[in-house]
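Quick notes on the structure that follows.
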Amino acid sequence: MLEEARQAGRLTQAVAGARALSQLQPENLKARVVLARALFNAGLWQEAWEAYEVRFALMPEHFVKVMRRGPTGPEPIPFWRGGAWPKALLVMGEQGLGDTIQFARFLPMLRDRGVRVHAVLDARVHKLLAPLMEGIDLHASGTSGRVQGVTSWLPLLNLPRALGLLPQEHQGPIPYLSADLERVARWRARIGTHGFRIGIVWQGNPKAPVDRNRSVPLSVFAPIAALPGVRLFALQKGPGEEAQAPFALDRLGQEMDNTADWFLDTAAAITALDLVVTVDTAVLHLAGALGRPALMLTHGRHADWRWQPARDDTIWYPSVRLVRCPDGGADWQAAAARAASLIRSGNLPAAA
């Protein structure tokens, strides 16, 4: 009932009910999830960030214990929730690569406040994030190790709350990532300069719980492919890459990012393209971080918490516009047709 109220936009009811139920039954994870989503939807972000810590209970495998030597053996390192700036802070990456791209923008804010930042992030995106990492000690996730001098720690997605940021402060400077100029030149030569060049992505990680409400058949992009002068380029990597297209589609996949460092070629290709049209994947966050124009096709009702309801813009990326399926449903063809209309009319977000 509470989730139905949230989905229907009755946010006051959803927040009040989920808040009360969570207080009465702290072990009720469903109520806590509804509360976090409803708070985000209602714009009550400071409380929402606190409620969003329910993810620790939902995905314990993503949240390792951070320990240090104590007088009687290993002891937990304190969890930093804001307040006085720690001298040295360990920030642990979490969840997907899109989350890492989205939230890495906040690491320099810590550095600029005099905090010695040790960031433990997926090694596959270290080179991509290099423009942000001056003065930050970067470590690879997935391997055990020790970091000297750390006095506290927190997960990456806790940074906005710990920094005390208001929603309007979440964006920060855009772009905050950049593509290597030599790679851009190489991909511009590969892609060419004629036509209106659009990169597309249709499939996210199929193992993610949210995937059933975000990935789409490749055929959904047919209304965009039918536009005069449009050329489509596949930015899809991994699952879904083998899908057959019922329209002309230039495959870039095998040539892109075939080393241990991910997204370097994708970033260069996005920079060489006119537009990206994608579902909710890491490529959307990459385009936004680069300040490149992008349309995101999204479910009419089951969009992720970070995309506020009833809006086609985002607090995260000025160059991204959301294109929702109509009537709160999953009519992806209709969403793609609307995206095609925006492209035809030139009513697209500008590069940042």
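Numbering starts fresh at 1 for the residues of each chain in the structure tokens, the chains themselves are lettered A, B, ... in the order given, and ligands are numbered from 1 as they appear.
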
*asked:* Neighbouring residues of Pro76 in chain A were defined as those with any atom within 9 Å, considering only C-alpha atoms; residues of the same chain fewer than 4 positions away were excluded. Please report them as JSON, numbers by chain.
replied: {"A": [65, 66, 67, 68, 69, 70]}

Practice prompt. Please provide the set of residues having any atom within 9 Å of range 127-133 of chain A, restricted to only C-alpha atoms, with same-chain residues fewer than 2 positions apart removed, written as a PyMOL selection string.
Written response: chain A and resi 101+104-105+107-108+123-125+135-138+176-179+261-264+267

Residues near Leu227 in chain A, cut-off 12 Å, only C-alpha atoms, skip fewer than 5 positions along chain, as a compact mmCIF listing (two decimals) with N, CA and C atoms, in the first residue's frame:
```txt
# COMPACT_ATOMS: atom_id res chain seq x y z
N GLY A 195 26.10 13.69 -41.25
CA GLY A 195 24.88 13.25 -40.60
C GLY A 195 24.80 13.69 -39.15
N PHE A 196 23.66 13.35 -38.50
CA PHE A 196 23.49 13.62 -37.08
C PHE A 196 23.81 12.31 -36.36
N ARG A 197 24.88 12.31 -35.61
CA ARG A 197 25.49 11.09 -35.09
C ARG A 197 25.03 10.85 -33.65
N ILE A 198 24.39 9.70 -33.44
CA ILE A 198 23.81 9.39 -32.13
C ILE A 198 24.36 8.05 -31.64
N PHE A 221 14.60 1.42 -30.63
CA PHE A 221 15.21 2.62 -31.18
C PHE A 221 14.85 2.86 -32.65
N ALA A 222 13.96 2.04 -33.20
CA ALA A 222 13.58 2.18 -34.61
C ALA A 222 13.05 3.57 -34.97
N LEU A 232 23.16 5.96 -36.38
CA LEU A 232 23.22 5.38 -35.06
C LEU A 232 24.50 4.57 -34.87
N PHE A 247 17.59 -2.18 -38.16
CA PHE A 247 17.89 -0.92 -38.84
C PHE A 247 19.40 -0.78 -38.95
N ALA A 248 19.85 0.20 -39.70
CA ALA A 248 21.29 0.41 -39.87
C ALA A 248 21.90 0.86 -38.53
N ALA A 336 10.62 6.24 -27.12
CA ALA A 336 11.56 6.42 -28.22
C ALA A 336 10.99 7.33 -29.30
N ALA A 337 9.67 7.22 -29.55
CA ALA A 337 9.02 8.11 -30.53
C ALA A 337 9.10 9.56 -30.06
N ALA A 339 11.45 10.77 -28.08
CA ALA A 339 12.85 11.15 -28.26
C ALA A 339 13.11 11.52 -29.72
N ALA A 340 12.53 10.73 -30.64
CA ALA A 340 12.70 11.03 -32.06
C ALA A 340 12.11 12.39 -32.40
N SER A 341 10.98 12.72 -31.79
CA SER A 341 10.36 14.03 -32.02
C SER A 341 11.26 15.16 -31.52
N LEU A 342 11.88 14.96 -30.37
CA LEU A 342 12.79 15.97 -29.84
C LEU A 342 13.99 16.15 -30.77
N ILE A 343 14.50 15.06 -31.28
CA ILE A 343 15.65 15.13 -32.19
C ILE A 343 15.24 15.82 -33.49
N ARG A 344 14.07 15.46 -34.03
CA ARG A 344 13.60 16.05 -35.28
C ARG A 344 13.44 17.57 -35.15
N SER A 345 12.92 18.01 -34.00
CA SER A 345 12.68 19.44 -33.81
C SER A 345 13.90 20.20 -33.33
```

Item to check | helix (DSSP H, G or I) positions in range 42-97 of chain A, given as an MDAnalysis selection string | outcome: chainID A and resid 45:51 54:58 60:62 97

Atoms to include: N, CA, C and O atoms. Write the selected residues as a CSV table (one decimal), in the first residue's frame.
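Writing the result to again_25.csv gives the following:
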```csv
chain,number,residue,atom,x,y,z
A,45,TRP,N,15.8,15.6,0.8
A,45,TRP,CA,17.0,14.8,0.6
A,45,TRP,C,17.9,14.6,1.8
A,45,TRP,O,18.5,13.5,1.8
A,46,GLN,N,18.0,15.5,2.7
A,46,GLN,CA,18.8,15.2,3.9
A,46,GLN,C,18.3,14.0,4.6
A,46,GLN,O,19.1,13.1,5.0
A,47,GLU,N,17.0,13.9,4.9
A,47,GLU,CA,16.5,12.8,5.5
A,47,GLU,C,16.5,11.5,4.6
A,47,GLU,O,16.7,10.4,5.1
A,48,ALA,N,16.4,11.8,3.3
A,48,ALA,CA,16.4,10.6,2.4
A,48,ALA,C,17.8,9.9,2.4
A,48,ALA,O,17.9,8.7,2.4
A,49,TRP,N,18.9,10.7,2.5
A,49,TRP,CA,20.2,10.1,2.5
A,49,TRP,C,20.4,9.2,3.7
A,49,TRP,O,21.0,8.1,3.6
A,50,GLU,N,19.9,9.7,4.8
A,50,GLU,CA,20.0,8.8,6.0
A,50,GLU,C,19.1,7.6,5.9
A,50,GLU,O,19.6,6.5,6.2
A,51,ALA,N,17.9,7.7,5.3
A,51,ALA,CA,17.1,6.5,5.1
A,51,ALA,C,17.7,5.6,4.1
A,51,ALA,O,17.5,4.3,4.2
A,54,VAL,N,19.5,2.0,4.2
A,54,VAL,CA,18.9,0.7,4.2
A,54,VAL,C,19.7,-0.2,3.2
A,54,VAL,O,19.6,-1.4,3.3
A,55,ARG,N,20.3,0.4,2.2
A,55,ARG,CA,21.1,-0.4,1.2
A,55,ARG,C,22.1,-1.3,1.9
A,55,ARG,O,22.5,-2.3,1.3
A,56,PHE,N,22.7,-0.8,3.0
A,56,PHE,CA,23.7,-1.7,3.7
A,56,PHE,C,23.1,-3.0,4.1
A,56,PHE,O,23.7,-4.0,4.1
A,57,ALA,N,21.8,-3.0,4.5
A,57,ALA,CA,21.1,-4.2,5.0
A,57,ALA,C,20.7,-5.0,3.7
A,57,ALA,O,20.7,-6.3,3.8
A,58,LEU,N,20.3,-4.4,2.6
A,58,LEU,CA,19.9,-5.1,1.5
A,58,LEU,C,21.0,-5.7,0.7
A,58,LEU,O,20.8,-6.8,0.1
A,60,PRO,N,24.6,-6.5,1.8
A,60,PRO,CA,25.7,-6.5,2.8
A,60,PRO,C,27.0,-6.9,2.1
A,60,PRO,O,28.1,-6.5,2.6
A,61,GLU,N,26.9,-7.6,1.0
A,61,GLU,CA,28.1,-8.1,0.3
A,61,GLU,C,28.9,-6.9,-0.3
A,61,GLU,O,30.1,-7.0,-0.6
A,62,HIS,N,28.2,-5.7,-0.5
A,62,HIS,CA,28.9,-4.6,-1.0
A,62,HIS,C,29.5,-3.7,0.0
A,62,HIS,O,30.2,-2.7,-0.3
A,97,LEU,N,29.4,0.8,-11.6
A,97,LEU,CA,30.4,1.8,-12.1
A,97,LEU,C,29.7,3.1,-12.4
A,97,LEU,O,30.3,4.2,-12.3
```
